[in-house]
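With compact mmCIF, C-alpha atoms and all ligand atoms inside, this is coords.txt:
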```
# COMPACT_ATOMS: atom_id res chain seq x y z
CA MET A 1 -26.94 78.62 97.03
CA PHE A 2 -23.60 79.30 98.67
CA ASP A 3 -21.99 77.42 101.56
CA PHE A 4 -20.71 80.67 103.06
CA LEU A 5 -21.69 84.30 102.84
CA ILE A 6 -18.86 86.60 103.90
CA VAL A 7 -19.70 90.23 104.62
CA GLY A 8 -16.73 92.55 104.09
CA ALA A 9 -13.83 92.11 101.64
CA GLY A 10 -11.04 93.39 103.90
CA PHE A 11 -8.19 91.33 105.36
CA ALA A 12 -10.58 89.25 107.48
CA GLY A 13 -13.04 88.50 104.69
CA CYS A 14 -10.41 87.84 102.00
CA THR A 15 -8.37 85.52 104.25
CA LEU A 16 -11.41 83.45 105.15
CA ALA A 17 -12.78 83.37 101.60
CA ASN A 18 -9.43 82.12 100.38
CA CYS A 19 -9.06 79.45 103.10
CA ILE A 20 -12.60 78.15 102.63
CA ALA A 21 -12.36 78.01 98.84
CA THR A 22 -8.90 76.47 98.78
CA ASN A 23 -8.79 74.18 101.79
CA LEU A 24 -12.44 73.15 102.15
CA ASN A 25 -13.36 73.34 98.46
CA ARG A 26 -16.65 75.03 99.37
CA ARG A 27 -18.46 77.91 97.71
CA VAL A 28 -18.22 81.45 99.04
CA LEU A 29 -20.08 84.62 98.21
CA LEU A 30 -18.07 87.62 99.40
CA ILE A 31 -19.94 90.93 99.47
CA ASP A 32 -18.87 94.46 100.27
CA VAL A 33 -20.88 97.65 100.41
CA ARG A 34 -17.96 99.54 98.84
CA ASN A 35 -17.08 99.43 95.16
CA HIS A 36 -13.73 97.69 95.74
CA ILE A 37 -12.10 94.82 97.62
CA GLY A 38 -9.42 95.24 100.31
CA GLY A 39 -11.37 97.08 103.01
CA ASN A 40 -9.36 99.86 104.59
CA ALA A 41 -6.12 98.44 103.20
CA TYR A 42 -7.26 99.18 99.63
CA ASP A 43 -4.73 101.02 97.46
CA SER A 44 -5.05 102.39 93.94
CA TYR A 45 -3.36 104.61 91.36
CA ASN A 46 -4.73 108.15 91.39
CA PRO A 47 -5.28 110.16 88.18
CA ASP A 48 -1.64 111.32 88.29
CA GLY A 49 -0.45 107.72 88.39
CA VAL A 50 0.70 107.77 92.02
CA LEU A 51 -0.10 104.67 94.11
CA VAL A 52 -2.02 105.87 97.17
CA HIS A 53 -3.53 104.22 100.22
CA ASN A 54 -7.11 105.43 99.88
CA TYR A 55 -7.83 105.02 103.60
CA GLY A 56 -4.59 106.36 105.08
CA ALA A 57 -1.09 104.94 105.25
CA HIS A 58 -1.02 101.17 105.71
CA ILE A 59 2.34 99.71 106.66
CA PHE A 60 2.64 95.98 107.06
CA HIS A 61 4.63 94.70 110.04
CA THR A 62 4.46 91.52 112.07
CA ASN A 63 6.37 89.11 114.26
CA SER A 64 4.34 86.18 112.98
CA LYS A 65 6.09 83.90 110.50
CA LYS A 66 2.78 82.12 110.03
CA VAL A 67 1.12 85.32 108.79
CA ILE A 68 4.02 86.17 106.46
CA ASP A 69 4.12 82.62 105.07
CA TYR A 70 0.39 82.71 104.45
CA LEU A 71 0.39 86.07 102.64
CA SER A 72 3.55 85.21 100.69
CA GLN A 73 1.41 82.87 98.57
CA PHE A 74 -0.17 85.98 97.07
CA THR A 75 2.57 88.58 96.88
CA GLN A 76 6.27 89.26 96.70
CA TRP A 77 7.54 91.80 99.19
CA ARG A 78 9.53 95.00 99.36
CA VAL A 79 11.56 95.64 102.51
CA TYR A 80 10.39 98.90 104.07
CA GLN A 81 11.29 100.14 107.55
CA HIS A 82 8.80 102.84 108.45
CA GLN A 83 10.06 106.10 109.99
CA VAL A 84 7.98 108.93 111.43
CA LEU A 85 8.96 112.45 112.48
CA ALA A 86 7.00 114.63 114.88
CA ALA A 87 6.87 118.40 114.39
CA VAL A 88 7.42 119.88 117.85
CA ASP A 89 8.39 123.46 118.71
CA GLY A 90 9.26 124.23 115.09
CA ASP A 91 11.57 121.28 114.45
CA LEU A 92 11.24 117.62 113.40
CA TYR A 93 12.06 114.82 115.85
CA PRO A 94 12.08 111.03 115.50
CA ILE A 95 9.13 109.29 117.10
CA PRO A 96 9.08 106.77 118.94
CA LEU A 97 11.06 108.73 121.50
CA ASN A 98 14.67 107.54 121.45
CA LEU A 99 18.19 108.74 122.10
CA ASN A 100 18.21 110.88 118.93
CA THR A 101 14.92 112.55 119.93
CA ILE A 102 15.93 113.41 123.47
CA ASN A 103 19.45 114.59 122.65
CA LYS A 104 18.17 116.87 119.88
CA LEU A 105 15.18 118.19 121.84
CA TYR A 106 17.11 119.10 125.00
CA ALA A 107 20.49 119.75 123.28
CA LEU A 108 22.12 116.96 125.27
CA ASN A 109 24.65 114.30 124.47
CA LEU A 110 23.40 111.44 126.59
CA SER A 111 24.44 107.82 126.20
CA SER A 112 21.84 105.04 126.26
CA GLN A 113 22.53 104.37 129.92
CA GLU A 114 22.26 108.08 130.75
CA LEU A 115 18.95 108.26 128.90
CA GLN A 116 17.66 105.35 130.96
CA ASN A 117 18.61 107.32 134.10
CA PHE A 118 16.98 110.44 132.63
CA TYR A 119 13.66 108.64 132.05
CA ALA A 120 13.89 107.14 135.55
CA GLU A 121 14.23 110.65 137.02
CA VAL A 122 11.44 112.35 135.08
CA ARG A 123 8.90 109.56 134.99
CA GLU A 124 6.00 109.58 137.47
CA LYS A 125 5.52 106.38 139.40
CA TYR A 126 2.11 104.66 139.52
CA ASP A 127 1.12 101.48 141.30
CA ARG A 128 -0.96 100.45 138.31
CA ILE A 129 -1.02 101.83 134.78
CA GLU A 130 -4.72 102.36 134.06
CA ASN A 131 -4.87 104.73 131.10
CA SER A 132 -2.84 106.22 128.25
CA GLU A 133 -1.68 109.25 130.22
CA GLN A 134 -0.14 107.02 132.87
CA ALA A 135 1.26 104.73 130.16
CA VAL A 136 3.34 107.65 128.81
CA VAL A 137 4.00 109.77 131.91
CA GLY A 138 4.90 106.59 133.78
CA LYS A 139 7.71 105.98 131.27
CA VAL A 140 9.00 109.39 130.12
CA GLY A 141 7.53 112.06 132.40
CA ARG A 142 5.22 114.99 131.82
CA ASP A 143 7.20 117.27 129.49
CA LEU A 144 7.65 114.67 126.76
CA TYR A 145 4.05 113.55 127.28
CA GLU A 146 2.80 117.09 126.73
CA LYS A 147 4.99 117.76 123.70
CA PHE A 148 4.40 114.50 121.83
CA PHE A 149 1.27 112.72 123.12
CA LYS A 150 -1.29 114.81 124.94
CA ASN A 151 -2.58 116.99 122.13
CA TYR A 152 -2.11 114.47 119.33
CA THR A 153 -4.26 112.03 121.27
CA HIS A 154 -6.93 114.64 121.91
CA LYS A 155 -7.01 115.58 118.23
CA GLN A 156 -7.21 111.94 117.15
CA TRP A 157 -9.82 110.71 119.63
CA GLU A 158 -11.51 113.84 121.00
CA LEU A 159 -10.61 112.33 124.37
CA TRP A 160 -7.70 113.05 126.66
CA PRO A 161 -5.18 110.25 127.17
CA HIS A 162 -6.47 109.63 130.70
CA GLU A 163 -9.84 108.75 129.12
CA LEU A 164 -8.36 106.00 126.92
CA ASP A 165 -7.01 102.54 127.72
CA ALA A 166 -3.26 102.39 128.33
CA SER A 167 -2.93 100.19 125.24
CA VAL A 168 -3.62 103.14 122.87
CA CYS A 169 -0.50 105.20 123.59
CA ALA A 170 1.44 102.07 124.54
CA ARG A 171 1.36 101.20 120.84
CA ILE A 172 4.29 103.62 120.59
CA PRO A 173 7.38 102.15 122.27
CA VAL A 174 9.92 104.20 124.24
CA ARG A 175 13.54 103.55 123.37
CA THR A 176 16.94 104.30 124.83
CA ASN A 177 18.90 103.46 121.66
CA ARG A 178 19.10 105.28 118.32
CA ASP A 179 16.53 103.11 116.54
CA ASN A 180 14.38 105.57 114.57
CA ARG A 181 12.05 102.92 113.13
CA TYR A 182 8.36 103.23 114.02
CA PHE A 183 7.93 99.49 114.47
CA GLY A 184 10.18 96.96 116.13
CA ASP A 185 8.70 93.88 114.41
CA LYS A 186 10.82 91.18 112.86
CA TYR A 187 9.11 91.42 109.45
CA GLN A 188 8.59 94.92 108.02
CA LEU A 189 7.54 94.45 104.42
CA MET A 190 5.18 95.93 101.87
CA PRO A 191 3.43 93.94 99.14
CA LEU A 192 5.60 94.61 96.11
CA HIS A 193 2.73 95.53 93.78
CA GLY A 194 0.41 96.93 96.46
CA PHE A 195 -2.32 95.53 98.70
CA THR A 196 -5.06 95.44 96.08
CA ARG A 197 -3.03 93.18 93.75
CA MET A 198 -2.48 90.87 96.71
CA PHE A 199 -6.21 90.76 97.55
CA GLU A 200 -7.03 90.02 93.90
CA LYS A 201 -4.78 86.97 94.05
CA MET A 202 -6.35 85.82 97.33
CA LEU A 203 -9.78 85.89 95.71
CA ALA A 204 -8.83 84.41 92.32
CA HIS A 205 -10.48 81.04 92.84
CA PRO A 206 -13.46 79.46 91.07
CA ASN A 207 -15.18 78.82 94.41
CA ILE A 208 -15.24 82.55 95.24
CA LYS A 209 -17.80 84.96 93.86
CA VAL A 210 -17.40 88.64 94.74
CA MET A 211 -20.31 91.07 94.78
CA LEU A 212 -19.47 94.75 95.35
CA ASN A 213 -21.75 97.73 96.05
CA THR A 214 -23.86 95.34 98.13
CA SER A 215 -24.68 95.70 101.79
CA PHE A 216 -25.64 92.73 103.93
CA GLN A 217 -28.86 94.43 104.91
CA GLU A 218 -29.93 94.57 101.23
CA VAL A 219 -29.53 90.84 100.62
CA GLU A 220 -29.99 89.07 103.95
CA SER A 221 -33.68 88.39 103.48
CA TRP A 222 -33.33 86.46 100.21
CA LEU A 223 -29.75 85.12 99.92
CA LYS A 224 -29.38 81.44 100.81
CA PHE A 225 -26.25 80.23 102.59
CA ASP A 226 -25.31 77.81 105.37
CA HIS A 227 -22.96 79.97 107.40
CA LEU A 228 -22.41 83.70 107.66
CA ILE A 229 -19.05 85.36 108.37
CA TYR A 230 -19.55 88.97 109.39
CA THR A 231 -16.63 91.44 109.38
CA GLY A 232 -18.63 94.68 109.59
CA PRO A 233 -19.49 96.60 112.79
CA ILE A 234 -21.05 94.23 115.31
CA ASP A 235 -23.47 96.83 116.69
CA GLN A 236 -24.84 97.41 113.18
CA PHE A 237 -25.47 93.66 112.78
CA PHE A 238 -27.66 93.69 115.88
CA SER A 239 -29.45 96.90 114.79
CA TYR A 240 -27.81 98.82 117.64
CA LYS A 241 -30.10 97.10 120.16
CA TYR A 242 -27.81 97.93 123.11
CA GLY A 243 -26.81 101.33 121.70
CA LYS A 244 -24.11 102.50 119.29
CA LEU A 245 -20.50 101.50 119.81
CA PRO A 246 -18.33 104.59 119.30
CA TYR A 247 -15.94 104.57 116.35
CA ARG A 248 -13.51 107.26 115.33
CA SER A 249 -13.35 108.31 111.71
CA LEU A 250 -11.01 110.35 109.53
CA ARG A 251 -11.27 112.66 106.56
CA PHE A 252 -8.40 112.40 104.08
CA GLU A 253 -7.34 115.40 102.04
CA PHE A 254 -5.24 114.35 99.05
CA GLN A 255 -2.89 116.71 97.22
CA THR A 256 -0.58 115.98 94.32
CA HIS A 257 2.58 118.07 94.02
CA ASP A 258 4.68 118.70 90.96
CA GLN A 259 7.87 117.61 92.69
CA GLU A 260 9.51 114.27 93.37
CA TYR A 261 9.19 114.31 97.17
CA PHE A 262 7.32 116.54 99.61
CA GLN A 263 8.73 115.61 103.01
CA PRO A 264 11.76 113.67 104.31
CA VAL A 265 9.87 110.56 105.49
CA ALA A 266 6.53 108.85 104.83
CA VAL A 267 4.74 110.32 107.84
CA VAL A 268 5.14 113.60 109.72
CA ASN A 269 3.00 113.94 112.85
CA TYR A 270 1.72 117.32 114.02
CA PRO A 271 0.84 116.79 117.68
CA ASN A 272 0.27 120.40 118.68
CA GLU A 273 -0.69 122.53 115.68
CA TYR A 274 -3.35 122.30 112.96
CA ASP A 275 -6.55 120.24 112.82
CA PHE A 276 -4.87 117.35 111.04
CA THR A 277 -2.81 114.78 112.95
CA ARG A 278 -0.36 113.76 110.24
CA ILE A 279 0.76 114.18 106.66
CA VAL A 280 1.44 110.98 104.76
CA GLU A 281 3.48 110.68 101.55
CA SER A 282 2.97 107.21 100.16
CA LYS A 283 5.85 107.10 97.66
CA HIS A 284 8.23 106.57 100.57
CA ILE A 285 6.22 103.50 101.57
CA THR A 286 5.49 101.99 98.18
CA GLY A 287 8.92 102.75 96.71
CA GLN A 288 7.27 104.04 93.54
CA LYS A 289 9.43 106.21 91.27
CA HIS A 290 7.43 109.12 89.85
CA HIS A 291 8.14 112.76 89.02
CA LYS A 292 5.07 113.82 91.05
CA THR A 293 4.12 112.93 94.61
CA THR A 294 0.85 112.71 96.53
CA THR A 295 0.30 113.61 100.17
CA TYR A 296 -2.69 112.98 102.39
CA TYR A 297 -3.63 115.00 105.42
CA GLU A 298 -5.58 113.07 108.07
CA TYR A 299 -8.34 115.01 109.81
CA PRO A 300 -9.96 113.04 112.66
CA GLN A 301 -13.73 113.27 112.98
CA ALA A 302 -16.64 111.66 114.80
CA GLU A 303 -18.84 111.03 111.76
CA GLY A 304 -17.99 108.92 108.73
CA ASP A 305 -16.77 105.39 108.04
CA PRO A 306 -15.96 103.50 111.26
CA TYR A 307 -12.15 103.35 111.21
CA TYR A 308 -11.11 103.02 114.85
CA PRO A 309 -12.83 101.26 117.75
CA VAL A 310 -12.38 103.50 120.80
CA PRO A 311 -10.59 101.50 123.51
CA ARG A 312 -12.00 102.46 126.90
CA PRO A 313 -13.78 100.53 129.67
CA GLU A 314 -17.38 101.57 128.98
CA ASN A 315 -17.06 100.70 125.29
CA ARG A 316 -15.59 97.32 126.16
CA ALA A 317 -18.56 96.69 128.45
CA LEU A 318 -21.01 97.61 125.68
CA PHE A 319 -19.14 95.39 123.23
CA GLN A 320 -19.38 92.48 125.70
CA GLN A 321 -23.18 92.71 125.50
CA TYR A 322 -23.03 92.33 121.73
CA LYS A 323 -20.44 89.58 122.04
CA GLN A 324 -22.76 87.59 124.28
CA GLU A 325 -25.51 87.89 121.66
CA ALA A 326 -23.03 86.85 118.96
CA GLU A 327 -22.02 83.73 120.87
CA LYS A 328 -25.62 82.51 120.81
CA LEU A 329 -25.61 82.44 116.98
CA GLU A 330 -24.10 79.15 115.88
CA SER A 331 -24.41 79.89 112.18
CA VAL A 332 -22.64 83.26 112.32
CA THR A 333 -18.94 84.02 112.91
CA PHE A 334 -17.84 87.54 113.83
CA ILE A 335 -14.26 88.37 112.92
CA GLY A 336 -12.10 91.43 112.20
CA ARG A 337 -11.44 94.89 113.56
CA LEU A 338 -15.07 96.04 113.49
CA ALA A 339 -16.82 92.78 114.37
CA GLN A 340 -14.47 92.15 117.31
CA TYR A 341 -14.23 95.85 118.21
CA GLN A 342 -10.45 95.54 118.55
CA TYR A 343 -7.77 98.06 117.58
CA TYR A 344 -6.18 95.38 115.37
CA ASN A 345 -3.31 95.86 112.93
CA MET A 346 -3.53 94.05 109.60
CA ASP A 347 -1.36 91.13 110.67
CA GLN A 348 -3.47 90.62 113.79
CA VAL A 349 -6.59 90.41 111.63
CA VAL A 350 -4.94 87.79 109.40
CA ALA A 351 -3.80 85.83 112.47
CA ALA A 352 -7.31 85.99 113.96
CA ALA A 353 -8.87 84.88 110.66
CA LEU A 354 -6.45 81.96 110.27
CA SER A 355 -7.14 80.90 113.82
CA VAL A 356 -10.94 81.08 113.46
CA PHE A 357 -10.62 79.09 110.26
CA GLU A 358 -8.63 76.33 111.96
CA ASN A 359 -10.65 76.20 115.15
CA ARG A 360 -14.19 76.80 113.93
CA ILE A 361 -14.86 77.16 110.21
CA SER A 362 -12.92 74.08 109.09
CA LYS A 363 -14.93 72.00 111.59
CA LEU A 364 -18.37 73.09 110.42
P1 LIG A 401 -11.96 96.34 107.14
O1 LIG A 401 -10.72 96.53 106.33
O2 LIG A 401 -12.59 97.52 107.79
O3 LIG A 401 -13.03 95.63 106.18
C1 LIG A 401 -14.38 95.53 106.52
C2 LIG A 401 -15.18 95.64 105.24
O4 LIG A 401 -16.55 95.34 105.54
C3 LIG A 401 -15.17 97.03 104.64
O5 LIG A 401 -14.69 96.99 103.31
C4 LIG A 401 -16.63 97.48 104.70
O6 LIG A 401 -17.03 98.23 103.57
C5 LIG A 401 -17.36 96.16 104.75
N1 LIG A 401 -18.67 96.23 105.39
C6 LIG A 401 -18.95 96.71 106.64
N2 LIG A 401 -20.26 96.59 106.91
C7 LIG A 401 -20.83 96.03 105.82
C8 LIG A 401 -22.16 95.65 105.49
N3 LIG A 401 -23.15 95.81 106.35
N4 LIG A 401 -22.40 95.10 104.27
C9 LIG A 401 -21.38 94.92 103.38
N5 LIG A 401 -20.11 95.26 103.64
C10 LIG A 401 -19.82 95.79 104.84
N6 LIG A 401 -2.86 98.30 110.19
C11 LIG A 401 -1.55 97.99 110.08
O7 LIG A 401 -1.17 96.81 110.28
N7 LIG A 401 -0.63 98.94 109.70
C12 LIG A 401 -0.97 100.21 109.43
O8 LIG A 401 -0.13 101.05 109.09
C13 LIG A 401 -2.36 100.57 109.56
N8 LIG A 401 -2.74 101.84 109.31
C14 LIG A 401 -4.07 102.15 109.42
C15 LIG A 401 -4.44 103.47 109.14
C16 LIG A 401 -5.78 103.82 109.22
C17 LIG A 401 -6.17 105.23 108.90
C18 LIG A 401 -6.76 102.84 109.59
C19 LIG A 401 -8.21 103.22 109.68
C20 LIG A 401 -6.39 101.56 109.88
C21 LIG A 401 -5.03 101.18 109.80
N9 LIG A 401 -4.62 99.89 110.05
C22 LIG A 401 -3.28 99.56 109.94
C23 LIG A 401 -5.57 98.84 110.46
C24 LIG A 401 -6.08 98.03 109.26
O9 LIG A 401 -6.81 98.88 108.39
C25 LIG A 401 -7.02 96.93 109.78
O10 LIG A 401 -6.39 96.12 110.74
C26 LIG A 401 -7.53 95.99 108.69
O11 LIG A 401 -7.68 96.61 107.44
C27 LIG A 401 -8.87 95.44 109.17
O12 LIG A 401 -9.35 94.47 108.28
P2 LIG A 401 -10.85 93.97 108.46
O13 LIG A 401 -11.09 93.00 107.36
O14 LIG A 401 -11.08 93.55 109.86
O15 LIG A 401 -11.76 95.26 108.29
N1 LIG A 402 0.26 109.01 119.48
C1 LIG A 402 0.59 110.27 119.94
N2 LIG A 402 1.58 110.98 119.29
C2 LIG A 402 2.21 110.49 118.20
C3 LIG A 402 1.85 109.22 117.72
C4 LIG A 402 0.86 108.50 118.38
O1 LIG A 402 0.01 110.76 120.91
O2 LIG A 402 3.09 111.18 117.65
C5 LIG A 402 -0.79 108.27 120.20
C6 LIG A 402 -2.21 108.65 119.71
O3 LIG A 402 -3.11 108.52 120.77
C7 LIG A 402 -2.44 107.61 118.64
C8 LIG A 402 -1.84 106.37 119.31
O4 LIG A 402 -0.67 106.88 119.98
O5 LIG A 402 -3.80 107.46 118.35
C9 LIG A 402 -1.47 105.25 118.38
O6 LIG A 402 -0.64 105.76 117.35
P1 LIG A 402 -0.51 105.00 115.97
O7 LIG A 402 0.50 105.72 115.15
O8 LIG A 402 -0.27 103.55 116.23
O9 LIG A 402 -1.96 105.21 115.36
P2 LIG A 402 -2.64 104.68 114.02
O10 LIG A 402 -1.53 104.52 113.00
O11 LIG A 402 -3.32 103.39 114.37
O12 LIG A 402 -3.59 105.78 113.68
```

Take the structure I supplied and represent it as structure tokens, if you would.
Amino acid sequence: MFDFLIVGAGFAGCTLANCIATNLNRRVLLIDVRNHIGGNAYDSYNPDGVLVHNYGAHIFHTNSKKVIDYLSQFTQWRVYQHQVLAAVDGDLYPIPLNLNTINKLYALNLSSQELQNFYAEVREKYDRIENSEQAVVGKVGRDLYEKFFKNYTHKQWELWPHELDASVCARIPVRTNRDNRYFGDKYQLMPLHGFTRMFEKMLAHPNIKVMLNTSFQEVESWLKFDHLIYTGPIDQFFSYKYGKLPYRSLRFEFQTHDQEYFQPVAVVNYPNEYDFTRIVESKHITGQKHHKTTTYYEYPQAEGDPYYPVPRPENRALFQQYKQEAEKLESVTFIGRLAQYQYYNMDQVVAAALSVFENRISKL
């Protein structure tokens, strides 16, 4: 008999398991259908000894001191400021768009102020920004939109930017300075020994029992527990009674090369050519020294593990139906990227889990 059953050993499940075991001194069974902890943030050493992110590059960044302080109990950090280049018209350009990108692309020598004027001239004006096309064209105009965003977005989502919420492309800022970093957050850090080591520490508590290779559906009829925390897809929990929520998946193609580095930065995006969206080289991110290097090509696809909720109005409406069902269940808490159907980053999942712990779980 456990006090809590937690389904899913990703950031949401591990944070809650740790808080319940440590702060409430209650017993938790944490299960995951996969054969490892960590959810999509899982990392491991491949047969060549290179530390890879098995589910695509995961870079930790946050503005929340609370989240950093919480995770710092389980890991030391390595400072890492992520940079991405986009391959456009046969050359590599910094993305997010900034002064370096625009000056190189158009062979100009603009100042920051002149770039601001440039954007103001080329941008299209909308009364309201209602989708991702407007979110980009409304800031930087159509040419930059077409070179950097339109086709990448279609490849990634099999939808055009005008079919997606503005928030999707608005994840990428637009700059007028020379800041080439992908993220602007105050804390940009990687767990020094990787994510999996950090998760192991979060779960190293006598009140936590972990069971892998176990789906909720296999055990729900006979396991005894007082409260359930569900971090898997919410539509699956309700047996798809209102229909399937769309998720986007990826196929990763890993290659190890007999050379120290493969590309100049951790991620190179290919908006306009090839079927893959980006090539990732994790040694840049992890800081590992090794005479070989591993790259992963990301091929978006409809089928496969649910990696991305698809942010658009009809999906939000469908999710609301499930959410209303979820709110009727007092002994179940839904939390995390799949259970909340939110395009959350890792830090947002930790923040949401800490908040649900304080406001709900600790009061049960
Ligand atoms: P998950 O990590 O998805 O964990 C859910 C777990 O539940 C999974 O392990 C799954 O196996 C398990 N599960 C599901 N259903 C069941 C069931 N029925 N029974 C048992 N187990 C079940 N965020 C960043 O901050 N920075 C990044 O750079 C970044 N890059 C990303 C790149 C990719 C390709 C992807 C897909 C995501 C990226 N993210 C990134 C987002 C990050 O992965 C998530 O925010 C975070 O891992 C979500 O944690 P979670 O616990 O909510 O869900
Ligand atoms: N995007 C784009 N071109 C780029 C990078 C991003 O069009 O070079 C768009 C695309 O729609 C993508 C979204 O912005 O899905 C968010 O990008 P991000 O890098 O945050 O995606 P993630 O790392 O979550 O896959």

If you count all atoms listed in the file, the residue of A:Thr196, A:Asn54, A:Asn345, A:Ser355 closest to ligand LIG 402 (chain A) turns out to be A:Asn345

Ligand LIG 401 (chain A): which residues are within 6 Å, counting all atoms listed in the file? Reply as a ChimeraX atom specification. /A:7-13,31-34,39-41,55-60,214-216,231-233,307-308,336-338,344-347,349

Selection as a ChimeraX atom specification: residues within 6 Å of ligand LIG 402 (chain A) by all atoms listed in the file: /A:86,148-150,152-153,156,168-169,171-172,269

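Close to (-15.2, 105.8, 117.3), meaning no more than 8 Å away when counting all atoms listed in the file, sit the residues Trp157, Leu245, Pro246, Tyr247, Arg248, Ser249, Ala302, Pro306, Tyr307, Tyr308, Pro309 and Val310 of chain A.
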
Around the point (-2.3, 107.1, 87.5), in the coordinates given by the file, pick out the residues reaching within 12 Å, counting only C-alpha atoms, and return them as a PyMOL selection string. chain A and resi 43-52+256+288+290-294

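Checking A:Arg78, A:His36, A:His162, A:Arg26 one by one against Ile285 in chain A, counting all atoms listed in the file, you find the shortest gap at A:Arg78.
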
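Comparing the minimum interatomic distances between Pro96 in chain A and each of A:Pro161, A:Gly141, A:Gly38, A:Pro173, counting only C-alpha atoms, we find that A:Pro173 sits nearest.
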
For each of A:Leu5, A:Leu24, A:Val268, A:Val67, take the minimum atom-to-atom distance to Val88 in chain A, counting only C-alpha atoms, then give the residue where this is smallest. A:Val268

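When all atoms listed in the file are used to measure the gap to Arg312 in chain A, the shortest distance among A:Asn359, A:Asn131, A:Asn100, A:Asn177 belongs to A:Asn131.
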
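Between CA of Gly287 in chain A and CA of Asp69 in chain A the interatomic distance comes to 22.3 Å.
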
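Proximity to Tyr299 in chain A was assessed for A:Glu314, A:Asp185, A:Asp165, A:Glu158 counting all atoms listed in the file; the smallest distance is recorded for A:Glu158.
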
Applying 7 Å and all atoms listed in the file, which residues near Glu281 in chain A remain after dropping the ones on its own chain fewer than 3 positions away? List them as number ranges by chain. A: 266-267, 284, 294-296

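One finds CA of Ile20 in chain A at 11.7 Å from CA of Phe2 in chain A.
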
I'd like the interatomic distance between CA of Ala120 in chain A and CA of Thr176 in chain A, to a tenth of an Å. 11.5 Å

Write out as JSON an axis-aligned box for range 194-205 of chain A: all of its atoms listed in the file, 4 Å added on each side, centre and edge lengths in Å with one decimal.
```
{"center_x": -5.0, "center_y": 89.0, "center_z": 95.5, "size_x": 18.9, "size_y": 23.9, "size_z": 14.4}
```
